[in-house]
Amino acid sequence: MKDWISRLFIDRSDLFLKLLNPRWVGTEGLVAGMIKLLESYGMSSGTLLDLCCGNGRISVLMAKRGFKAVGVDISEAFLKDGRRKAREHGVSDRVTFLKGDVRKLEQIVRRNRPFDVVTSGWTSIGYYSPDDDLNVFRQARHLSRDGAVLLITETMHTEYLSIKFAPTSYSEIDDLVMLEDRQYDPISASAKTCWTFYAKDGKNMKFIDRVDFENHIYSASELSSLLQKAGWQTTALYGSIETMQPMSPLTSMNMVARAV
Ligand SMILES: C[S@@+](CC[C@H](N)C(=O)[O-])C[C@H]1O[C@@H](n2cnc3c(N)ncnc32)[C@H](O)[C@@H]1O
């Protein structure tokens, strides 16, 4: 059986793109918050490394705000769409998209180093083992200058699942219907999810595909310890980078750390 990463992000990139695109709308606010936060660290421009960048919403919108961005993703389809969006936003010369596995980050990213900012958005961690994540953040540290800022944004966390866990949910995105079935094991902090996609067909729904995946969910303290081992010191934790409200069990996790 193929691993879920290839199934969801490569084989069914057409379906996942439909989930990535609506997130561009809220990204203006996220990026405005990121800019404000970076300014508070004395940074108004520089180089940015976007880990697991998808179709580039953070890279492209940060490039529009003066940063030179490098986005890395395993899915060529997302990067192709990201390159098109960079052209539409007039920032092709400020964004580079590189295809590859972030577990081999230092082999993929050869230019624009050392980076001033590293980002990882929308729960793009916990896909492999915590040791793999440690290895990715260690490599990101090697590619960054001392004092660089790491922003892990809009990420699922164990505190949220302990209160808000929902075993099922339903969503519609244009003509796509998505059913989610979830299981969460608090002992291993592992979340198993099944996404079933249907196309709306009049009053009926036509089955398209089903993708099962499993990922590790971090608590703020576990993630912060992992980052510490990788050479990043956590400096702040927010529920939203846009509003700077503190993180709570009801918000997403947004962790800020600096390269030490
Ligand atoms: C939930 S999406 C987040 C996309 C983007 N960060 C955003 O906020 O819109 C996760 C992304 O991780 C990418 N990905 C998964 N495993 C990867 C790997 N080993 N190396 C690089 N990218 C990976 C997927 O292709 C997908 O684009």
# chains A, B, ... in the order shown; residues from 1 in each chain; ligands from 1
call {"tool": "residues_near_ligand", "arguments": {"ligand": "ligand 1", "cutoff": "8 Å", "atoms": "only C-alpha atoms and all ligand atoms", "output": "JSON, numbers by chain"}}
result
{"A": [5, 8, 9, 10, 20, 23, 24, 50, 51, 52, 53, 54, 55, 56, 57, 58, 72, 73, 74, 75, 78, 99, 100, 101, 102, 103, 120, 121, 122, 123, 124, 127, 153, 154]}
call {"tool": "write_last_selection", "arguments": {"atoms": "N, CA and C atoms", "output": "mmCIF file, in the first residue's frame"}}
result
data_model
loop_
_atom_site.group_PDB
_atom_site.id
_atom_site.type_symbol
_atom_site.label_atom_id
_atom_site.label_comp_id
_atom_site.auth_asym_id
_atom_site.auth_seq_id
_atom_site.Cartn_x
_atom_site.Cartn_y
_atom_site.Cartn_z
ATOM 1 N N ILE A 5 1.027 10.004 2.522
ATOM 2 C CA ILE A 5 1.540 11.288 2.024
ATOM 3 C C ILE A 5 1.424 11.302 0.489
ATOM 4 N N LEU A 8 -2.407 11.320 -0.595
ATOM 5 C CA LEU A 8 -3.172 12.553 -0.426
ATOM 6 C C LEU A 8 -2.574 13.736 -1.187
ATOM 7 N N PHE A 9 -1.265 13.875 -1.120
ATOM 8 C CA PHE A 9 -0.666 15.100 -1.643
ATOM 9 C C PHE A 9 -0.159 14.960 -3.084
ATOM 10 N N ILE A 10 0.004 13.725 -3.551
ATOM 11 C CA ILE A 10 0.503 13.548 -4.920
ATOM 12 C C ILE A 10 -0.598 12.934 -5.792
ATOM 13 N N LEU A 20 -6.674 23.514 -0.071
ATOM 14 C CA LEU A 20 -5.632 24.543 0.101
ATOM 15 C C LEU A 20 -6.124 25.912 -0.352
ATOM 16 N N ARG A 23 -7.917 28.519 1.880
ATOM 17 C CA ARG A 23 -7.115 29.046 2.992
ATOM 18 C C ARG A 23 -6.355 30.313 2.618
ATOM 19 N N TRP A 24 -6.259 30.601 1.306
ATOM 20 C CA TRP A 24 -5.577 31.835 0.883
ATOM 21 C C TRP A 24 -6.306 33.069 1.431
ATOM 22 N N ASP A 50 9.947 28.328 3.753
ATOM 23 C CA ASP A 50 8.577 27.860 4.049
ATOM 24 C C ASP A 50 8.550 26.339 3.899
ATOM 25 N N LEU A 51 8.508 25.630 5.051
ATOM 26 C CA LEU A 51 8.559 24.167 5.035
ATOM 27 C C LEU A 51 7.183 23.596 4.698
ATOM 28 N N CYS A 52 7.126 22.612 3.815
ATOM 29 C CA CYS A 52 5.848 22.007 3.415
ATOM 30 C C CYS A 52 4.892 23.109 2.964
ATOM 31 N N CYS A 53 5.303 23.864 1.964
ATOM 32 C CA CYS A 53 4.649 25.145 1.615
ATOM 33 C C CYS A 53 3.317 24.988 0.886
ATOM 34 N N GLY A 54 2.951 23.761 0.466
ATOM 35 C CA GLY A 54 1.691 23.599 -0.270
ATOM 36 C C GLY A 54 1.725 24.411 -1.546
ATOM 37 N N ASN A 55 0.632 25.127 -1.840
ATOM 38 C CA ASN A 55 0.640 25.955 -3.057
ATOM 39 C C ASN A 55 1.049 27.398 -2.745
ATOM 40 N N GLY A 56 1.780 27.564 -1.649
ATOM 41 C CA GLY A 56 2.587 28.768 -1.475
ATOM 42 C C GLY A 56 1.936 29.992 -0.881
ATOM 43 N N ARG A 57 0.817 29.807 -0.136
ATOM 44 C CA ARG A 57 0.125 31.030 0.337
ATOM 45 C C ARG A 57 1.023 31.873 1.243
ATOM 46 N N ILE A 58 1.828 31.242 2.103
ATOM 47 C CA ILE A 58 2.677 32.027 3.009
ATOM 48 C C ILE A 58 3.855 32.618 2.234
ATOM 49 N N VAL A 72 9.386 24.787 0.091
ATOM 50 C CA VAL A 72 9.733 23.391 -0.219
ATOM 51 C C VAL A 72 8.500 22.527 -0.020
ATOM 52 N N ASP A 73 8.194 21.705 -0.986
ATOM 53 C CA ASP A 73 7.062 20.784 -0.851
ATOM 54 C C ASP A 73 7.336 19.530 -1.683
ATOM 55 N N ILE A 74 6.669 18.444 -1.272
ATOM 56 C CA ILE A 74 6.879 17.152 -1.934
ATOM 57 C C ILE A 74 5.995 17.013 -3.176
ATOM 58 N N SER A 75 4.993 17.906 -3.309
ATOM 59 C CA SER A 75 4.004 17.744 -4.379
ATOM 60 C C SER A 75 4.236 18.735 -5.520
ATOM 61 N N PHE A 78 1.242 21.067 -6.353
ATOM 62 C CA PHE A 78 1.036 22.253 -5.507
ATOM 63 C C PHE A 78 2.036 23.347 -5.895
ATOM 64 N N LYS A 99 11.014 21.339 -5.207
ATOM 65 C CA LYS A 99 10.333 20.067 -4.929
ATOM 66 C C LYS A 99 11.277 19.153 -4.157
ATOM 67 N N GLY A 100 10.775 18.571 -3.081
ATOM 68 C CA GLY A 100 11.588 17.610 -2.353
ATOM 69 C C GLY A 100 10.987 17.284 -1.011
ATOM 70 N N ASP A 101 11.633 16.306 -0.368
ATOM 71 C CA ASP A 101 11.189 15.813 0.935
ATOM 72 C C ASP A 101 11.914 16.614 2.022
ATOM 73 N N VAL A 102 11.152 17.275 2.897
ATOM 74 C CA VAL A 102 11.789 18.117 3.924
ATOM 75 C C VAL A 102 12.738 17.330 4.828
ATOM 76 N N ARG A 103 12.614 16.010 4.834
ATOM 77 C CA ARG A 103 13.548 15.227 5.646
ATOM 78 C C ARG A 103 14.962 15.272 5.055
ATOM 79 N N SER A 120 6.342 27.006 9.180
ATOM 80 C CA SER A 120 5.721 25.701 8.957
ATOM 81 C C SER A 120 4.248 25.911 9.269
ATOM 82 N N GLY A 121 3.398 25.899 8.243
ATOM 83 C CA GLY A 121 2.009 26.296 8.441
ATOM 84 C C GLY A 121 1.004 25.169 8.315
ATOM 85 N N TRP A 122 -0.088 25.310 9.031
ATOM 86 C CA TRP A 122 -1.257 24.428 8.970
ATOM 87 C C TRP A 122 -0.884 22.949 9.222
ATOM 88 N N THR A 123 -0.527 22.664 10.430
ATOM 89 C CA THR A 123 -0.215 21.293 10.874
ATOM 90 C C THR A 123 0.586 20.513 9.828
ATOM 91 N N SER A 124 1.762 21.022 9.545
ATOM 92 C CA SER A 124 2.643 20.324 8.594
ATOM 93 C C SER A 124 3.733 19.567 9.336
ATOM 94 N N TYR A 127 3.862 14.140 10.642
ATOM 95 C CA TYR A 127 3.499 13.211 9.561
ATOM 96 C C TYR A 127 4.322 11.928 9.616
ATOM 97 N N THR A 153 2.745 27.785 12.540
ATOM 98 C CA THR A 153 1.442 28.451 12.617
ATOM 99 C C THR A 153 0.272 27.482 12.380
ATOM 100 N N GLU A 154 -0.878 27.862 12.923
ATOM 101 C CA GLU A 154 -2.164 27.181 12.692
ATOM 102 C C GLU A 154 -2.033 25.661 12.793
#
call {"tool": "select_by_dssp", "arguments": {"residues": "region 36-259 of chain A", "states": "strand (DSSP E or B)", "output": "number ranges by chain"}}
result
A: 46-51, 67-73, 95-99, 115-121, 144-155, 157, 168-173, 176-185, 190-201, 204-216, 218, 232-238, 246, 253-259
call {"tool": "select_by_dssp", "arguments": {"residues": "region 145-202 of chain A", "states": "helix (DSSP H, G or I)", "output": "PyMOL selection string"}}
result
chain A and resi 158-164
call {"tool": "write_last_selection", "arguments": {"atoms": "C-alpha atoms", "output": "mmCIF file, in the first residue's frame"}}
result
data_model
loop_
_atom_site.group_PDB
_atom_site.id
_atom_site.type_symbol
_atom_site.label_atom_id
_atom_site.label_comp_id
_atom_site.auth_asym_id
_atom_site.auth_seq_id
_atom_site.Cartn_x
_atom_site.Cartn_y
_atom_site.Cartn_z
ATOM 1 C CA THR A 158 -3.302 17.787 22.036
ATOM 2 C CA GLU A 159 -4.944 20.371 24.331
ATOM 3 C CA TYR A 160 -7.461 21.184 21.582
ATOM 4 C CA LEU A 161 -8.264 17.515 20.969
ATOM 5 C CA SER A 162 -8.732 16.891 24.698
ATOM 6 C CA ILE A 163 -11.669 19.353 24.631
ATOM 7 C CA LYS A 164 -12.921 19.712 21.076
#
call {"tool": "closest_atom_pairs", "arguments": {"of": "region 21-134 of chain A", "to": "region 227-234 of chain A", "cutoff": "12 Å", "atoms": "only C-alpha atoms", "output": "Markdown table"}}
result
| residue | atom | partner | partner_atom | distance |
| --- | --- | --- | --- | --- |
| A:Val117 | CA | A:Trp232 | CA | 12.0 |
| A:Val118 | CA | A:Trp232 | CA | 10.9 |
| A:Ile125 | CA | A:Leu227 | CA | 12.0 |
| A:Pro130 | CA | A:Leu227 | CA | 10.7 |
| A:Asp131 | CA | A:Ala230 | CA | 10.4 |
| A:Asp132 | CA | A:Ala230 | CA | 11.2 |
| A:Asp133 | CA | A:Leu227 | CA | 9.1 |
| A:Leu134 | CA | A:Ala230 | CA | 6.0 |
call {"tool": "residues_around", "arguments": {"residues": "Ala166 (chain A)", "least_positions_apart": "4", "cutoff": "9 Å", "atoms": "only C-alpha atoms", "output": "list in words"}}
result
Leu161, Asp181, Arg182 and Gln183 of chain A
call {"tool": "write_last_selection", "arguments": {"atoms": "N, CA and C atoms", "output": "CSV table (one decimal), in the first residue's frame"}}
result
chain,number,residue,atom,x,y,z
A,161,LEU,N,-7.5,18.8,21.1
A,161,LEU,CA,-8.3,17.5,21.0
A,161,LEU,C,-8.9,17.0,22.3
A,181,ASP,N,-13.9,11.1,9.3
A,181,ASP,CA,-14.0,10.2,10.5
A,181,ASP,C,-12.7,10.2,11.2
A,182,ARG,N,-12.8,10.4,12.5
A,182,ARG,CA,-11.5,10.6,13.2
A,182,ARG,C,-11.5,9.7,14.5
A,183,GLN,N,-10.2,9.2,14.8
A,183,GLN,CA,-10.0,8.5,16.1
A,183,GLN,C,-8.8,9.2,16.7
call {"tool": "atom_distance", "arguments": {"atom1": "CA of Asp212 (chain A)", "atom2": "CA of Tyr170 (chain A)"}}
result
15.8 Å
call {"tool": "atom_distance", "arguments": {"atom1": "CA of Lys203 (chain A)", "atom2": "CA of Ser13 (chain A)"}}
result
26.1 Å
call {"tool": "atom_distance", "arguments": {"atom1": "CA of Gly42 (chain A)", "atom2": "CA of His157 (chain A)"}}
result
29.1 Å
call {"tool": "residues_around", "arguments": {"residues": "Arg210 (chain A)", "least_positions_apart": "2", "cutoff": "12 Å", "atoms": "only C-alpha atoms", "output": "PyMOL selection string"}}
result
chain A and resi 4+7-8+11-12+15-16+177-181+193-198+207-208+212-213
call {"tool": "residues_around", "arguments": {"residues": "His89 (chain A)", "least_positions_apart": "6", "cutoff": "9 Å", "atoms": "only C-alpha atoms", "output": "list in words"}}
result
Val60, Leu61 and Lys64 of chain A
call {"tool": "residues_around", "arguments": {"residues": "Pro22 (chain A)", "least_positions_apart": "5", "cutoff": "10 Å", "atoms": "only C-alpha atoms", "output": "PyMOL selection string"}}
result
chain A and resi 17+27+173
call {"tool": "closest_residue", "arguments": {"among": "A:Val149, A:Leu105, A:Met205, A:Val95", "to": "Ser40 (chain A)", "atoms": "only C-alpha atoms"}}
result
A:Val149
call {"tool": "decode", "arguments": {"residues": "region 14-55 of chain A", "atoms": "N, CA and C atoms", "output": "PDB file, in the first residue's frame"}}
result
ATOM      1  N   ASP A  14      -5.354  16.862  -6.751  1.00  0.00           N
ATOM      2  CA  ASP A  14      -6.507  17.616  -7.270  1.00  0.00           C
ATOM      3  C   ASP A  14      -7.522  17.877  -6.162  1.00  0.00           C
ATOM      4  N   LEU A  15      -7.722  16.875  -5.277  1.00  0.00           N
ATOM      5  CA  LEU A  15      -8.686  17.048  -4.178  1.00  0.00           C
ATOM      6  C   LEU A  15      -8.113  17.944  -3.093  1.00  0.00           C
ATOM      7  N   PHE A  16      -6.843  17.709  -2.735  1.00  0.00           N
ATOM      8  CA  PHE A  16      -6.274  18.502  -1.632  1.00  0.00           C
ATOM      9  C   PHE A  16      -6.115  19.971  -2.032  1.00  0.00           C
ATOM     10  N   LEU A  17      -5.892  20.224  -3.333  1.00  0.00           N
ATOM     11  CA  LEU A  17      -5.806  21.628  -3.793  1.00  0.00           C
ATOM     12  C   LEU A  17      -7.101  22.377  -3.497  1.00  0.00           C
ATOM     13  N   LYS A  18      -8.209  21.650  -3.557  1.00  0.00           N
ATOM     14  CA  LYS A  18      -9.503  22.296  -3.268  1.00  0.00           C
ATOM     15  C   LYS A  18      -9.611  22.683  -1.801  1.00  0.00           C
ATOM     16  N   LEU A  19      -8.802  22.035  -0.943  1.00  0.00           N
ATOM     17  CA  LEU A  19      -8.777  22.416   0.474  1.00  0.00           C
ATOM     18  C   LEU A  19      -7.744  23.521   0.712  1.00  0.00           C
ATOM     19  N   LEU A  20      -6.674  23.514  -0.071  1.00  0.00           N
ATOM     20  CA  LEU A  20      -5.632  24.543   0.101  1.00  0.00           C
ATOM     21  C   LEU A  20      -6.124  25.912  -0.352  1.00  0.00           C
ATOM     22  N   ASN A  21      -6.840  25.948  -1.469  1.00  0.00           N
ATOM     23  CA  ASN A  21      -7.210  27.245  -2.062  1.00  0.00           C
ATOM     24  C   ASN A  21      -8.033  28.152  -1.149  1.00  0.00           C
ATOM     25  N   PRO A  22      -9.074  27.630  -0.462  1.00  0.00           N
ATOM     26  CA  PRO A  22      -9.861  28.534   0.395  1.00  0.00           C
ATOM     27  C   PRO A  22      -9.032  29.150   1.522  1.00  0.00           C
ATOM     28  N   ARG A  23      -7.917  28.519   1.880  1.00  0.00           N
ATOM     29  CA  ARG A  23      -7.115  29.046   2.992  1.00  0.00           C
ATOM     30  C   ARG A  23      -6.355  30.313   2.618  1.00  0.00           C
ATOM     31  N   TRP A  24      -6.259  30.601   1.306  1.00  0.00           N
ATOM     32  CA  TRP A  24      -5.577  31.835   0.883  1.00  0.00           C
ATOM     33  C   TRP A  24      -6.306  33.069   1.431  1.00  0.00           C
ATOM     34  N   VAL A  25      -7.625  32.978   1.552  1.00  0.00           N
ATOM     35  CA  VAL A  25      -8.420  34.132   1.975  1.00  0.00           C
ATOM     36  C   VAL A  25      -7.968  34.643   3.352  1.00  0.00           C
ATOM     37  N   GLY A  26      -7.838  33.723   4.315  1.00  0.00           N
ATOM     38  CA  GLY A  26      -7.457  34.133   5.674  1.00  0.00           C
ATOM     39  C   GLY A  26      -5.967  34.416   5.822  1.00  0.00           C
ATOM     40  N   THR A  27      -5.196  34.150   4.776  1.00  0.00           N
ATOM     41  CA  THR A  27      -3.742  34.247   4.922  1.00  0.00           C
ATOM     42  C   THR A  27      -3.249  35.691   4.953  1.00  0.00           C
ATOM     43  N   GLU A  28      -4.032  36.620   4.365  1.00  0.00           N
ATOM     44  CA  GLU A  28      -3.648  38.047   4.430  1.00  0.00           C
ATOM     45  C   GLU A  28      -3.497  38.455   5.902  1.00  0.00           C
ATOM     46  N   GLY A  29      -4.478  38.043   6.728  1.00  0.00           N
ATOM     47  CA  GLY A  29      -4.464  38.400   8.156  1.00  0.00           C
ATOM     48  C   GLY A  29      -3.294  37.727   8.868  1.00  0.00           C
ATOM     49  N   LEU A  30      -3.077  36.452   8.557  1.00  0.00           N
ATOM     50  CA  LEU A  30      -1.962  35.715   9.167  1.00  0.00           C
ATOM     51  C   LEU A  30      -0.637  36.416   8.845  1.00  0.00           C
ATOM     52  N   VAL A  31      -0.470  36.769   7.577  1.00  0.00           N
ATOM     53  CA  VAL A  31       0.781  37.385   7.131  1.00  0.00           C
ATOM     54  C   VAL A  31       0.948  38.781   7.755  1.00  0.00           C
ATOM     55  N   ALA A  32      -0.157  39.527   7.874  1.00  0.00           N
ATOM     56  CA  ALA A  32      -0.065  40.846   8.523  1.00  0.00           C
ATOM     57  C   ALA A  32       0.436  40.664   9.966  1.00  0.00           C
ATOM     58  N   GLY A  33      -0.075  39.635  10.647  1.00  0.00           N
ATOM     59  CA  GLY A  33       0.371  39.345  12.015  1.00  0.00           C
ATOM     60  C   GLY A  33       1.833  38.926  12.047  1.00  0.00           C
ATOM     61  N   MET A  34       2.234  38.104  11.057  1.00  0.00           N
ATOM     62  CA  MET A  34       3.634  37.659  11.008  1.00  0.00           C
ATOM     63  C   MET A  34       4.566  38.862  10.826  1.00  0.00           C
ATOM     64  N   ILE A  35       4.159  39.786   9.959  1.00  0.00           N
ATOM     65  CA  ILE A  35       4.989  40.968   9.684  1.00  0.00           C
ATOM     66  C   ILE A  35       5.136  41.801  10.975  1.00  0.00           C
ATOM     67  N   LYS A  36       4.011  41.979  11.665  1.00  0.00           N
ATOM     68  CA  LYS A  36       4.031  42.764  12.908  1.00  0.00           C
ATOM     69  C   LYS A  36       4.949  42.094  13.958  1.00  0.00           C
ATOM     70  N   LEU A  37       4.817  40.777  14.042  1.00  0.00           N
ATOM     71  CA  LEU A  37       5.626  40.024  15.003  1.00  0.00           C
ATOM     72  C   LEU A  37       7.113  40.132  14.662  1.00  0.00           C
ATOM     73  N   LEU A  38       7.426  39.973  13.364  1.00  0.00           N
ATOM     74  CA  LEU A  38       8.838  40.022  12.945  1.00  0.00           C
ATOM     75  C   LEU A  38       9.400  41.424  13.165  1.00  0.00           C
ATOM     76  N   GLU A  39       8.570  42.433  12.952  1.00  0.00           N
ATOM     77  CA  GLU A  39       9.030  43.815  13.201  1.00  0.00           C
ATOM     78  C   GLU A  39       9.389  43.995  14.676  1.00  0.00           C
ATOM     79  N   SER A  40       8.618  43.314  15.544  1.00  0.00           N
ATOM     80  CA  SER A  40       8.920  43.444  16.980  1.00  0.00           C
ATOM     81  C   SER A  40      10.270  42.796  17.313  1.00  0.00           C
ATOM     82  N   TYR A  41      10.745  41.928  16.410  1.00  0.00           N
ATOM     83  CA  TYR A  41      12.086  41.334  16.571  1.00  0.00           C
ATOM     84  C   TYR A  41      13.119  42.105  15.733  1.00  0.00           C
ATOM     85  N   GLY A  42      12.703  43.264  15.215  1.00  0.00           N
ATOM     86  CA  GLY A  42      13.623  44.115  14.443  1.00  0.00           C
ATOM     87  C   GLY A  42      13.839  43.665  13.009  1.00  0.00           C
ATOM     88  N   MET A  43      12.883  42.894  12.467  1.00  0.00           N
ATOM     89  CA  MET A  43      13.050  42.339  11.124  1.00  0.00           C
ATOM     90  C   MET A  43      11.931  42.824  10.204  1.00  0.00           C
ATOM     91  N   SER A  44      12.274  43.589   9.161  1.00  0.00           N
ATOM     92  CA  SER A  44      11.203  44.042   8.262  1.00  0.00           C
ATOM     93  C   SER A  44      11.365  43.457   6.858  1.00  0.00           C
ATOM     94  N   SER A  45      12.476  42.781   6.615  1.00  0.00           N
ATOM     95  CA  SER A  45      12.667  42.075   5.332  1.00  0.00           C
ATOM     96  C   SER A  45      13.726  41.009   5.571  1.00  0.00           C
ATOM     97  N   GLY A  46      13.994  40.212   4.549  1.00  0.00           N
ATOM     98  CA  GLY A  46      15.000  39.160   4.699  1.00  0.00           C
ATOM     99  C   GLY A  46      14.606  37.942   3.902  1.00  0.00           C
ATOM    100  N   THR A  47      15.195  36.801   4.263  1.00  0.00           N
ATOM    101  CA  THR A  47      14.915  35.568   3.531  1.00  0.00           C
ATOM    102  C   THR A  47      14.048  34.651   4.390  1.00  0.00           C
ATOM    103  N   LEU A  48      13.142  33.960   3.723  1.00  0.00           N
ATOM    104  CA  LEU A  48      12.174  33.120   4.447  1.00  0.00           C
ATOM    105  C   LEU A  48      12.152  31.724   3.834  1.00  0.00           C
ATOM    106  N   LEU A  49      12.203  30.715   4.691  1.00  0.00           N
ATOM    107  CA  LEU A  49      12.120  29.318   4.246  1.00  0.00           C
ATOM    108  C   LEU A  49      10.779  28.764   4.712  1.00  0.00           C
ATOM    109  N   ASP A  50       9.947  28.328   3.753  1.00  0.00           N
ATOM    110  CA  ASP A  50       8.577  27.860   4.049  1.00  0.00           C
ATOM    111  C   ASP A  50       8.550  26.339   3.899  1.00  0.00           C
ATOM    112  N   LEU A  51       8.508  25.630   5.051  1.00  0.00           N
ATOM    113  CA  LEU A  51       8.559  24.167   5.035  1.00  0.00           C
ATOM    114  C   LEU A  51       7.183  23.596   4.698  1.00  0.00           C
ATOM    115  N   CYS A  52       7.126  22.612   3.815  1.00  0.00           N
ATOM    116  CA  CYS A  52       5.848  22.007   3.415  1.00  0.00           C
ATOM    117  C   CYS A  52       4.892  23.109   2.964  1.00  0.00           C
ATOM    118  N   CYS A  53       5.303  23.864   1.964  1.00  0.00           N
ATOM    119  CA  CYS A  53       4.649  25.145   1.615  1.00  0.00           C
ATOM    120  C   CYS A  53       3.317  24.988   0.886  1.00  0.00           C
ATOM    121  N   GLY A  54       2.951  23.761   0.466  1.00  0.00           N
ATOM    122  CA  GLY A  54       1.691  23.599  -0.270  1.00  0.00           C
ATOM    123  C   GLY A  54       1.725  24.411  -1.546  1.00  0.00           C
ATOM    124  N   ASN A  55       0.632  25.127  -1.840  1.00  0.00           N
ATOM    125  CA  ASN A  55       0.640  25.955  -3.057  1.00  0.00           C
ATOM    126  C   ASN A  55       1.049  27.398  -2.745  1.00  0.00           C
TER     127      ASN A  55
END
